[in-house]
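J.: Provided herewith: entry14.cif, mmCIF, C-alpha atoms.
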data_my_file
loop_
_atom_site.label_atom_id
_atom_site.label_comp_id
_atom_site.auth_asym_id
_atom_site.auth_seq_id
_atom_site.Cartn_x
_atom_site.Cartn_y
_atom_site.Cartn_z
CA MET A 1 -24.82 -6.09 1.57
CA LYS A 2 -23.72 -2.73 0.13
CA ARG A 3 -20.69 -0.52 0.62
CA ILE A 4 -18.76 2.26 -1.11
CA GLN A 5 -15.73 0.83 -2.90
CA TYR A 6 -13.40 1.36 -5.88
CA HIS A 7 -11.61 -0.89 -8.36
CA GLN A 8 -8.47 1.18 -8.95
CA TYR A 9 -6.64 4.03 -7.24
CA GLY A 10 -7.65 7.54 -8.26
CA GLY A 11 -10.28 10.26 -7.86
CA PRO A 12 -13.84 10.34 -6.48
CA GLU A 13 -15.32 9.36 -9.86
CA LEU A 14 -13.98 5.82 -9.32
CA MET A 15 -16.11 5.15 -6.24
CA GLN A 16 -19.43 3.35 -6.47
CA LEU A 17 -22.03 1.78 -4.21
CA ASP A 18 -21.71 -1.97 -4.79
CA ASP A 19 -22.94 -5.25 -3.41
CA PHE A 20 -20.30 -7.22 -1.53
CA GLU A 21 -19.93 -10.37 0.52
CA LEU A 22 -18.63 -9.83 4.04
CA ALA A 23 -15.99 -12.30 5.24
CA ALA A 24 -16.38 -14.07 8.58
CA PRO A 25 -14.41 -12.54 11.47
CA GLY A 26 -11.03 -14.14 12.06
CA LYS A 27 -9.00 -14.52 15.24
CA GLY A 28 -9.34 -11.40 17.38
CA GLU A 29 -11.84 -9.84 14.96
CA VAL A 30 -15.42 -8.58 15.31
CA THR A 31 -18.25 -8.10 12.80
CA VAL A 32 -20.30 -4.94 13.30
CA LYS A 33 -23.54 -3.87 11.65
CA VAL A 34 -22.82 -0.23 10.86
CA LYS A 35 -25.22 2.42 12.14
CA PHE A 36 -23.17 5.51 11.28
CA ALA A 37 -19.70 6.12 9.86
CA ALA A 38 -17.49 9.20 9.45
CA ILE A 39 -15.33 10.40 6.57
CA ASN A 40 -11.81 11.56 7.35
CA PRO A 41 -9.01 12.85 5.08
CA ILE A 42 -7.35 9.42 5.36
CA ASP A 43 -10.19 8.00 3.26
CA TRP A 44 -9.41 9.96 0.09
CA LYS A 45 -5.67 9.58 0.68
CA LEU A 46 -6.07 5.80 0.68
CA ARG A 47 -8.32 5.92 -2.40
CA ASN A 48 -5.84 8.14 -4.27
CA GLY A 49 -3.15 5.52 -3.70
CA MET A 50 -0.98 7.69 -1.48
CA MET A 51 -0.38 4.72 0.83
CA LYS A 52 -0.49 1.83 -1.62
CA ILE A 53 2.88 0.64 -0.34
CA VAL A 54 0.80 -0.51 2.65
CA THR A 55 -2.61 -1.16 1.13
CA GLY A 56 -1.33 -3.05 -1.93
CA ASN A 57 -2.98 -3.60 -5.30
CA ALA A 58 -5.85 -6.01 -4.54
CA PHE A 59 -9.26 -4.71 -5.66
CA PRO A 60 -12.04 -3.89 -5.05
CA ARG A 61 -11.12 -1.82 -2.01
CA ALA A 62 -13.64 -0.54 0.54
CA MET A 63 -13.96 3.02 1.89
CA GLY A 64 -14.26 4.40 5.41
CA MET A 65 -12.47 4.16 8.76
CA ASP A 66 -14.71 5.50 11.57
CA PHE A 67 -18.08 4.04 12.55
CA SER A 68 -20.54 3.04 15.24
CA GLY A 69 -22.86 0.06 15.27
CA VAL A 70 -23.87 -3.22 16.86
CA VAL A 71 -21.77 -6.37 17.12
CA THR A 72 -23.27 -9.27 15.15
CA ALA A 73 -20.47 -11.86 15.35
CA ILE A 74 -17.09 -12.43 17.00
CA GLY A 75 -14.07 -14.44 15.95
CA PRO A 76 -11.89 -16.79 18.03
CA ASP A 77 -10.20 -15.34 21.14
CA VAL A 78 -12.43 -12.23 21.29
CA THR A 79 -13.16 -11.54 24.97
CA ARG A 80 -14.27 -7.90 25.23
CA PHE A 81 -17.44 -8.03 23.11
CA ARG A 82 -20.50 -10.15 22.50
CA PRO A 83 -23.20 -10.03 19.79
CA GLY A 84 -25.63 -7.23 20.59
CA ASP A 85 -23.03 -4.89 22.10
CA ALA A 86 -23.22 -1.26 20.90
CA VAL A 87 -19.71 -0.19 19.87
CA PHE A 88 -17.71 2.49 18.09
CA GLY A 89 -14.21 2.62 16.71
CA LEU A 90 -12.12 2.18 13.58
CA ALA A 91 -11.93 -0.23 10.68
CA ARG A 92 -8.69 -2.00 9.85
CA PHE A 93 -6.34 0.39 8.06
CA LYS A 94 -5.59 -1.81 5.07
CA GLU A 95 -9.13 -3.14 4.53
CA SER A 96 -11.22 -0.10 5.62
CA GLY A 97 -14.97 -0.69 4.98
CA ALA A 98 -16.82 1.52 7.48
CA LEU A 99 -18.84 3.13 4.66
CA GLY A 100 -21.02 0.07 4.25
CA GLN A 101 -23.75 -1.86 5.96
CA ALA A 102 -21.35 -4.05 7.94
CA VAL A 103 -17.62 -4.22 8.60
CA VAL A 104 -15.08 -6.61 10.12
CA THR A 105 -12.43 -5.03 12.33
CA LYS A 106 -10.00 -5.85 15.12
CA GLU A 107 -11.31 -6.21 18.66
CA THR A 108 -8.61 -3.77 19.78
CA PHE A 109 -9.98 -1.08 17.44
CA LEU A 110 -13.33 -0.95 19.27
CA ALA A 111 -14.85 0.27 22.51
CA LYS A 112 -18.35 -0.04 23.92
CA LYS A 113 -20.59 2.92 23.16
CA PRO A 114 -21.90 4.58 26.33
CA ASP A 115 -25.68 4.55 26.60
CA GLU A 116 -25.62 8.34 27.03
CA ILE A 117 -23.97 8.85 23.61
CA SER A 118 -25.92 8.50 20.37
CA PHE A 119 -24.66 6.30 17.54
CA GLU A 120 -24.33 9.49 15.47
CA ASP A 121 -22.01 11.16 17.95
CA ALA A 122 -20.04 7.98 18.64
CA ALA A 123 -19.27 7.45 14.95
CA CYS A 124 -17.05 10.52 14.72
CA MET A 125 -14.97 9.96 17.85
CA GLY A 126 -12.54 7.31 16.59
CA THR A 127 -9.87 8.80 14.34
CA PRO A 128 -9.96 12.34 15.80
CA GLY A 129 -9.86 11.08 19.39
CA VAL A 130 -7.12 8.54 18.75
CA THR A 131 -4.97 10.94 16.69
CA ALA A 132 -5.27 13.73 19.26
CA TRP A 133 -4.41 11.33 22.09
CA ASN A 134 -1.48 9.78 20.22
CA GLY A 135 0.04 13.23 19.83
CA LEU A 136 -0.69 14.95 23.11
CA VAL A 137 -0.30 12.01 25.49
CA ASP A 138 1.79 9.32 23.78
CA LYS A 139 4.29 11.66 22.09
CA ALA A 140 4.21 14.98 23.97
CA LYS A 141 3.49 13.58 27.45
CA LEU A 142 1.24 16.59 28.07
CA LYS A 143 0.92 17.69 31.70
CA ALA A 144 -1.51 19.90 33.58
CA GLY A 145 -0.51 23.57 33.49
CA GLN A 146 1.30 23.39 30.15
CA LEU A 147 0.46 25.59 27.16
CA VAL A 148 -0.61 24.07 23.83
CA PHE A 149 -1.01 25.66 20.41
CA VAL A 150 -3.36 23.83 18.02
CA ASN A 151 -3.08 24.79 14.36
CA GLY A 152 -6.50 24.03 12.84
CA CYS A 153 -8.25 24.09 16.22
CA ALA A 154 -11.77 23.88 14.69
CA GLY A 155 -11.16 20.85 12.45
CA ALA A 156 -12.03 17.34 13.58
CA VAL A 157 -8.63 16.40 15.03
CA GLY A 158 -8.14 20.00 16.14
CA GLU A 159 -11.33 20.05 18.19
CA ALA A 160 -10.45 16.66 19.64
CA ALA A 161 -6.99 17.96 20.58
CA VAL A 162 -8.42 21.08 22.22
CA GLN A 163 -10.85 19.06 24.31
CA ILE A 164 -8.30 16.43 25.35
CA ALA A 165 -5.74 19.11 26.26
CA ARG A 166 -8.35 20.83 28.41
CA ILE A 167 -9.34 17.53 30.04
CA LEU A 168 -5.69 17.00 30.97
CA GLY A 169 -5.46 20.45 32.54
CA ALA A 170 -3.52 22.31 29.86
CA SER A 171 -4.26 25.77 28.47
CA VAL A 172 -4.87 26.09 24.73
CA GLU A 173 -4.36 28.71 22.03
CA GLY A 174 -4.93 28.06 18.35
CA SER A 175 -5.62 29.11 14.78
CA CYS A 176 -8.63 28.52 12.53
CA SER A 177 -10.81 30.33 10.00
CA ALA A 178 -12.60 33.51 11.06
CA GLY A 179 -15.96 31.77 10.81
CA SER A 180 -14.89 29.07 13.27
CA MET A 181 -13.33 31.32 15.92
CA GLU A 182 -16.43 31.50 18.12
CA ARG A 183 -16.73 27.71 18.06
CA ALA A 184 -13.08 27.44 19.13
CA ARG A 185 -13.62 29.85 22.01
CA SER A 186 -16.62 27.84 23.17
CA LEU A 187 -14.34 24.79 23.45
CA GLY A 188 -11.96 26.71 25.71
CA VAL A 189 -9.34 28.05 23.29
CA GLN A 190 -8.07 31.12 25.14
CA ALA A 191 -6.55 33.01 22.22
CA VAL A 192 -7.72 32.28 18.67
CA TYR A 193 -6.01 33.57 15.53
CA ASP A 194 -7.36 33.76 11.98
CA TYR A 195 -4.96 31.63 9.95
CA ARG A 196 -5.65 33.70 6.82
CA THR A 197 -4.56 37.00 8.35
CA THR A 198 -2.12 36.07 11.12
CA ASP A 199 1.59 35.48 10.67
CA LEU A 200 2.21 32.94 13.43
CA GLY A 201 5.86 33.88 13.38
CA THR A 202 4.94 37.20 15.01
CA LEU A 203 3.43 35.56 18.11
CA ALA A 204 5.33 36.43 21.27
CA GLU A 205 4.10 33.38 23.17
CA ARG A 206 6.12 30.17 23.23
CA PHE A 207 4.44 26.81 23.78
CA ASP A 208 5.13 23.49 25.46
CA VAL A 209 3.33 21.70 22.62
CA VAL A 210 2.48 22.80 19.08
CA TYR A 211 0.09 20.43 17.30
CA ASP A 212 -0.35 21.01 13.56
CA THR A 213 -3.68 19.21 13.20
CA ALA A 214 -4.35 21.04 9.92
CA ALA A 215 -1.13 19.64 8.42
CA THR A 216 -0.33 23.04 6.89
CA MET A 217 2.46 24.35 9.15
CA THR A 218 6.10 24.14 8.13
CA THR A 219 8.44 22.26 10.41
CA ALA A 220 10.51 25.43 10.83
CA MET A 221 7.48 27.38 12.05
CA GLY A 222 6.35 24.63 14.40
CA LEU A 223 9.78 24.42 16.01
CA ARG A 224 10.06 28.22 16.18
CA LEU A 225 6.93 28.46 18.35
CA LEU A 226 8.26 26.07 20.99
CA GLN A 227 9.68 26.70 24.40
CA LYS A 228 13.13 25.25 25.12
CA ASP A 229 11.85 21.76 25.92
CA GLY A 230 8.73 21.91 23.74
CA VAL A 231 7.44 19.35 21.23
CA PHE A 232 6.13 19.90 17.69
CA LEU A 233 3.51 17.33 16.67
CA ASP A 234 3.38 17.01 12.87
CA LEU A 235 0.27 15.41 11.35
CA ASN A 236 1.81 15.36 7.86
CA PRO A 237 4.49 12.70 8.36
CA THR A 238 6.96 11.93 5.57
CA PRO A 239 9.98 9.60 5.46
CA GLY A 240 12.21 12.64 5.64
CA LYS A 241 10.50 13.92 8.79
CA PHE A 242 10.81 10.54 10.49
CA ILE A 243 14.52 10.55 9.75
CA ARG A 244 14.87 14.13 10.97
CA SER A 245 12.96 13.29 14.18
CA ILE A 246 15.70 10.78 15.08
CA PHE A 247 18.12 13.68 15.43
CA ASN A 248 15.68 16.33 16.66
CA ARG A 249 13.58 15.07 19.57
CA LYS A 250 11.38 18.17 19.43
CA LEU A 251 9.87 16.92 16.15
CA LYS A 252 7.27 14.17 16.50
CA PRO A 253 5.55 12.94 13.30
CA ILE A 254 2.14 11.47 14.19
CA VAL A 255 0.55 8.34 12.76
CA GLY A 256 -2.81 7.44 14.32
CA THR A 257 -2.59 4.17 16.26
CA PRO A 258 -5.85 3.02 17.91
CA ARG A 259 -5.81 1.23 21.25
CA PRO A 260 -8.63 0.11 23.56
CA ASP A 261 -7.45 2.36 26.41
CA ILE A 262 -7.65 5.47 24.20
CA LEU A 263 -11.11 4.65 22.85
CA GLU A 264 -12.40 3.81 26.32
CA ARG A 265 -11.05 7.09 27.74
CA VAL A 266 -12.67 9.03 24.89
CA ALA A 267 -15.96 7.21 25.62
CA THR A 268 -15.70 8.10 29.30
CA GLU A 269 -15.10 11.78 28.60
CA ALA A 270 -17.95 11.81 26.05
CA ARG A 271 -20.28 10.31 28.65
CA LYS A 272 -19.27 13.11 31.03
CA GLY A 273 -20.07 15.70 28.34
CA LYS A 274 -16.43 16.74 27.94
CA PHE A 275 -15.79 15.34 24.46
CA ARG A 276 -18.00 15.81 21.42
CA LEU A 277 -17.68 16.70 17.73
CA PRO A 278 -20.54 18.42 15.84
CA ILE A 279 -22.89 16.80 13.31
CA ALA A 280 -24.53 18.56 10.35
CA ARG A 281 -27.12 17.73 7.66
CA ILE A 282 -28.13 14.36 6.22
CA VAL A 283 -27.47 13.42 2.58
CA ALA A 284 -27.99 10.19 0.65
CA LEU A 285 -25.11 7.74 0.55
CA ASN A 286 -24.46 8.12 -3.17
CA GLU A 287 -24.21 11.89 -2.66
CA GLY A 288 -21.67 11.25 0.05
CA ILE A 289 -19.34 9.72 -2.52
CA GLN A 290 -18.68 13.22 -3.86
CA LEU A 291 -17.57 14.40 -0.41
CA ILE A 292 -14.62 12.02 -0.25
CA ARG A 293 -12.17 14.29 -2.03
CA PRO A 294 -9.15 16.48 -1.14
CA THR A 295 -11.16 19.71 -1.37
CA TYR A 296 -13.15 18.60 1.66
CA SER A 297 -11.99 17.75 5.16
CA VAL A 298 -15.28 16.44 6.42
CA ARG A 299 -17.04 14.37 8.97
CA VAL A 300 -19.78 12.24 7.43
CA TRP A 301 -22.15 9.83 9.12
CA ILE A 302 -23.75 6.90 7.30
CA ARG A 303 -26.85 5.27 8.70
CA SER A 304 -28.23 1.80 7.99
CA VAL A 305 -31.99 1.63 8.51
CA GLU A 306 -34.97 -0.44 7.37
CA ARG A 307 -35.03 -1.79 3.79
CA GLU A 308 -31.26 -1.30 3.60
CA GLU A 309 -31.71 2.42 3.01
CA LEU A 310 -28.52 4.36 3.75
CA ARG A 311 -28.01 7.97 4.80
CA LEU A 312 -25.03 10.22 5.48
CA ARG A 313 -24.43 13.14 7.81
CA HIS A 314 -21.60 15.55 7.14
CA THR A 315 -19.90 18.75 8.23
CA ARG A 316 -17.73 20.57 5.73
CA LYS A 317 -14.41 21.66 7.17
CA GLY A 318 -11.62 23.45 5.35
CA SER A 319 -8.11 22.12 5.78
CA SER A 320 -7.33 24.80 8.34
CA ALA A 321 -10.81 25.00 9.87
#
Please rewrite the model in this file as structure tokens.
T.:
Amino acid sequence: MKRIQYHQYGGPELMQLDDFELAAPGKGEVTVKVKFAAINPIDWKLRNGMMKIVTGNAFPRAMGMDFSGVVTAIGPDVTRFRPGDAVFGLARFKESGALGQAVVTKETFLAKKPDEISFEDAACMGTPGVTAWNGLVDKAKLKAGQLVFVNGCAGAVGEAAVQIARILGASVEGSCSAGSMERARSLGVQAVYDYRTTDLGTLAERFDVVYDTAATMTTAMGLRLLQKDGVFLDLNPTPGKFIRSIFNRKLKPIVGTPRPDILERVATEARKGKFRLPIARIVALNEGIQLIRPTYSVRVWIRSVEREELRLRHTRKGSSA
């Protein structure tokens, strides 16, 4: 089998497409033959060693978190899936491995793919859907009728947040690049601001929830935009912010935590046509290696087809797209 991996922490030049031997699934784990996978900013952050306190120093390390595919084997105590099931979800955080022909992950990181949703579309729903849900529902307790501001409302997590907020009955405003404003409006963003030309501090509106999905907003600005009982969701968590959040309940640092109920709800809304992220052109897998870098915030889909040929799909997104 083949996958994208690296043998030391660092830049994109360290990645390569290598042969590897897939381990058997352990207790509560599932083996999936990957059809498509998606690149997220977490991929290059892990490769750069930004989280090596968690991932450790064992090499080689695999790349990729989000994917769709077909179950080929299950470990002990797995009850929700059987070989042959079409699924989507996330790889294990420490091991990764979605950017390969097969991956082992936790049963709780997967959901069944609806028949109405293609493998391509399903591959990109994991991290954005989970991260948006963790913020809006788990942390902010978003309710119908509330007003949400999404910074980066046309990025992957931003689009997911807009759609989930709308599903829950909230109204949404947001910021993105000028070229993405029409896309944001089509998703239901009522007022869209160009982040390059708008000083958000001048906005008169105050919000129940501000979600910085672009991870570019200062904590001071996020808190400034809130109503009295509002919540600022910060997608750029640091130890200092976690400490500060203990004393300021308006500040909620977000760390994506997948659960079956979130993935299943995302699948249900996708089946209804209420949740979808766009797909762009196809490139070869070895070309995709160059996309896993800080200058891109992209969604990339990898496909495993006959003769072990691999392909990628991607959409380039700026950090505040």
J.: Which residue, A:Lys52, A:Thr219, A:Thr257, A:Pro114, has the smallest gap to Ser245 in chain A when you use only C-alpha atoms?
T.: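 Answer, going by the shortest atom-to-atom distance: A:Thr219.
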J.: Written as a PyMOL selection string, what is the full residue list that the PyMOL selection byres ((chain A and resi 110) around 12) yields on the file shown?
T.: chain A and resi 28-32+65-71+78+80-81+85-92+103-109+111-113+122-123+125-127+130+258-267
J.: Check which residues satisfy the PyMOL selection byres ((chain A and resi 173) around 9) in the file shown, then give them as an NGL selection string.
T.: :A and (147-151 or 153 or 162 or 171-172 or 174-175 or 188-193)
J.: Using all atoms listed in the file for the distances, tell me which of A:Arg61, A:Met221, A:Asn48, A:Ile243 is nearest to Leu203 in chain A.
T.: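 Among A:Arg61, A:Met221, A:Asn48, A:Ile243, it is A:Met221 that comes nearest to Leu203 in chain A.
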J.: Find the residue from A:Pro83, A:Gly201, A:Pro12, A:Gly158 that sits nearest to Trp44 in chain A; use all atoms listed in the file when measuring.
T.: A:Pro12
J.: Could you list the residues chosen by the PyMOL selection byres ((chain A and resi 235) around 9) in this structure as number ranges by chain?
T.: A: 131, 135, 211-216, 233-234, 236-237, 252-255
J.: What does the structure give for the distance between CA of Phe20 in chain A and CA of Lys35 in chain A, in Å to one decimal?
T.: 17.4 Å
J.: With distances taken over all atoms listed in the file, which of A:Ala204, A:Leu223, A:Ala144, A:Ile4 is nearest to Gly64 in chain A?
T.: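 Under the stated criterion, the closest residue is A:Ile4.
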J.: Give me the residues near Leu99 in chain A as a PyMOL selection string, where near means some atom within 9 Å (using only C-alpha atoms) and where sequence neighbours in that chain fewer than 5 positions away do not count.
T.: chain A and resi 2-5+34+36-39+62-67+285+301-302
J.: I'd like the contact shell of Met1 in chain A - 8 Å cut-off, only C-alpha atoms, skipping same-chain residues fewer than 2 positions apart - returned as an MDAnalysis selection string.
T.: chainID A and resid 3 19:22 100:102
J.: Using CA of Leu225 in chain A and CA of Val209 in chain A as the two end points, give the distance in Å to one decimal.
T.: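 Between CA of Leu225 in chain A and CA of Val209 in chain A the gap works out to 8.8 Å.
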J.: Build an axis-aligned box that encloses every atom of range 195-203 of chain A listed in the file, pad it by 4 Å on each side, and report its centre and edge lengths in Å to one decimal, as lines of an AutoDock Vina configuration file.
T.:
center_x = 0.1
center_y = 34.4
center_z = 12.5
size_x = 19.5
size_y = 13.6
size_z = 19.3
